[in-house]
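Following: one structure in structure tokens, then a few remarks.
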Amino acid sequence: MICISKDSKANELCKMALAIHELSGGLPITMRSKNHRGVRVEKGKVVDINYSGPTLEEVLRTGKKIHTTPIKGIYKGIPVCVVPIKNEIGETIIALGVVDITMGIFEDLMLITSRPEIIKLKEKNML
């Protein structure tokens, strides 16, 4: 069983980050807890276990999803989407980021492929 908290360390987040990396088709994944630096996954491997970035930190502060293109850091100039993971009382404990190395094509495909089946899933809040 994987248990995460605001005190999770990078090594505790690695398996989840690697799974999300696979699900996203190999897009780079970043993930950190509120109280510890985290993990960065690229090309099927954990490449950093002491990672943080300005967008991850902002999501941990605000508790809100952010779509942006960083102006500094390792992913400077590349679109990212970072979301909060909250505990049972609504406190943001983890920030999880996907780096869109397709430069927006990944997100555009979601719009282009708005088939009726996908629209129905969106209406049911399943996407």
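In the structure tokens, the first chain shown is A, the next is B, and so on; residue numbers restart at 1 for each chain, and ligands run from 1 in the order shown.
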- Write out as a PyMOL selection string which residues come within 10 Å of region 22-33 of chain A when counting only C-alpha atoms, dropping same-chain ones fewer than 4 positions away. chain A and resi 4-10+12-14+16-18+37-46+48-53+56-57+60+75+80-85+92-102+106
Emit the selected residues as a CSV table (one decimal), in the first residue's frame, including C-alpha atoms.
chain,number,residue,atom,x,y,z
A,4,ILE,CA,1.4,9.7,1.1
A,5,SER,CA,1.4,12.7,3.4
A,6,LYS,CA,2.8,16.2,3.7
A,7,ASP,CA,5.9,14.5,5.2
A,8,SER,CA,6.4,12.1,2.3
A,9,LYS,CA,10.0,12.0,1.1
A,10,ALA,CA,11.1,11.6,-2.5
A,12,GLU,CA,8.2,7.4,-1.0
A,13,LEU,CA,6.8,9.2,-4.1
A,14,CYS,CA,9.0,7.4,-6.7
A,16,MET,CA,3.6,6.8,-7.9
A,17,ALA,CA,5.5,9.3,-10.1
A,18,LEU,CA,6.8,6.5,-12.3
A,37,ARG,CA,11.7,18.1,-1.7
A,38,GLY,CA,10.6,15.5,-4.2
A,39,VAL,CA,11.2,13.5,-7.3
A,40,ARG,CA,11.6,14.1,-11.1
A,41,VAL,CA,11.0,11.4,-13.6
A,42,GLU,CA,12.1,11.4,-17.3
A,43,LYS,CA,12.5,8.8,-19.9
A,44,GLY,CA,11.3,6.0,-17.6
A,45,LYS,CA,13.7,6.7,-14.9
A,46,VAL,CA,13.9,8.7,-11.7
A,48,ASP,CA,16.3,13.5,-9.3
A,49,ILE,CA,15.3,12.7,-5.7
A,50,ASN,CA,15.9,16.2,-4.4
A,51,TYR,CA,13.7,18.2,-6.7
A,52,SER,CA,11.5,21.2,-6.3
A,53,GLY,CA,10.4,23.9,-8.7
A,56,LEU,CA,5.3,23.0,-7.4
A,57,GLU,CA,6.0,25.4,-4.6
A,60,LEU,CA,1.7,23.9,-2.4
A,75,TYR,CA,11.7,23.4,-17.5
A,80,VAL,CA,3.6,22.6,-17.3
A,81,CYS,CA,0.5,21.7,-15.4
A,82,VAL,CA,0.7,21.2,-11.7
A,83,VAL,CA,-2.1,20.0,-9.5
A,84,PRO,CA,-2.5,19.8,-5.7
A,85,ILE,CA,-3.2,16.5,-4.0
A,92,THR,CA,-2.7,20.4,0.2
A,93,ILE,CA,-0.1,17.8,0.9
A,94,ILE,CA,1.5,17.0,-2.5
A,95,ALA,CA,2.1,19.0,-5.7
A,96,LEU,CA,2.2,16.8,-8.9
A,97,GLY,CA,3.4,18.2,-12.2
A,98,VAL,CA,3.3,17.1,-15.8
A,99,VAL,CA,5.8,18.7,-18.2
A,100,ASP,CA,4.2,19.0,-21.6
A,101,ILE,CA,7.3,18.4,-23.8
A,102,THR,CA,5.0,18.3,-26.8
A,106,PHE,CA,-0.8,17.0,-25.9
- Check region 26-57 of chain A with DSSP on the backbone and list each residue it calls strand (DSSP E), as an NGL selection string. :A and (29-33 or 38-42 or 45-51)
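What separates CA of Pro54 (chain A) from CA of Lys15 (chain A) is a distance of 22.9 Å.
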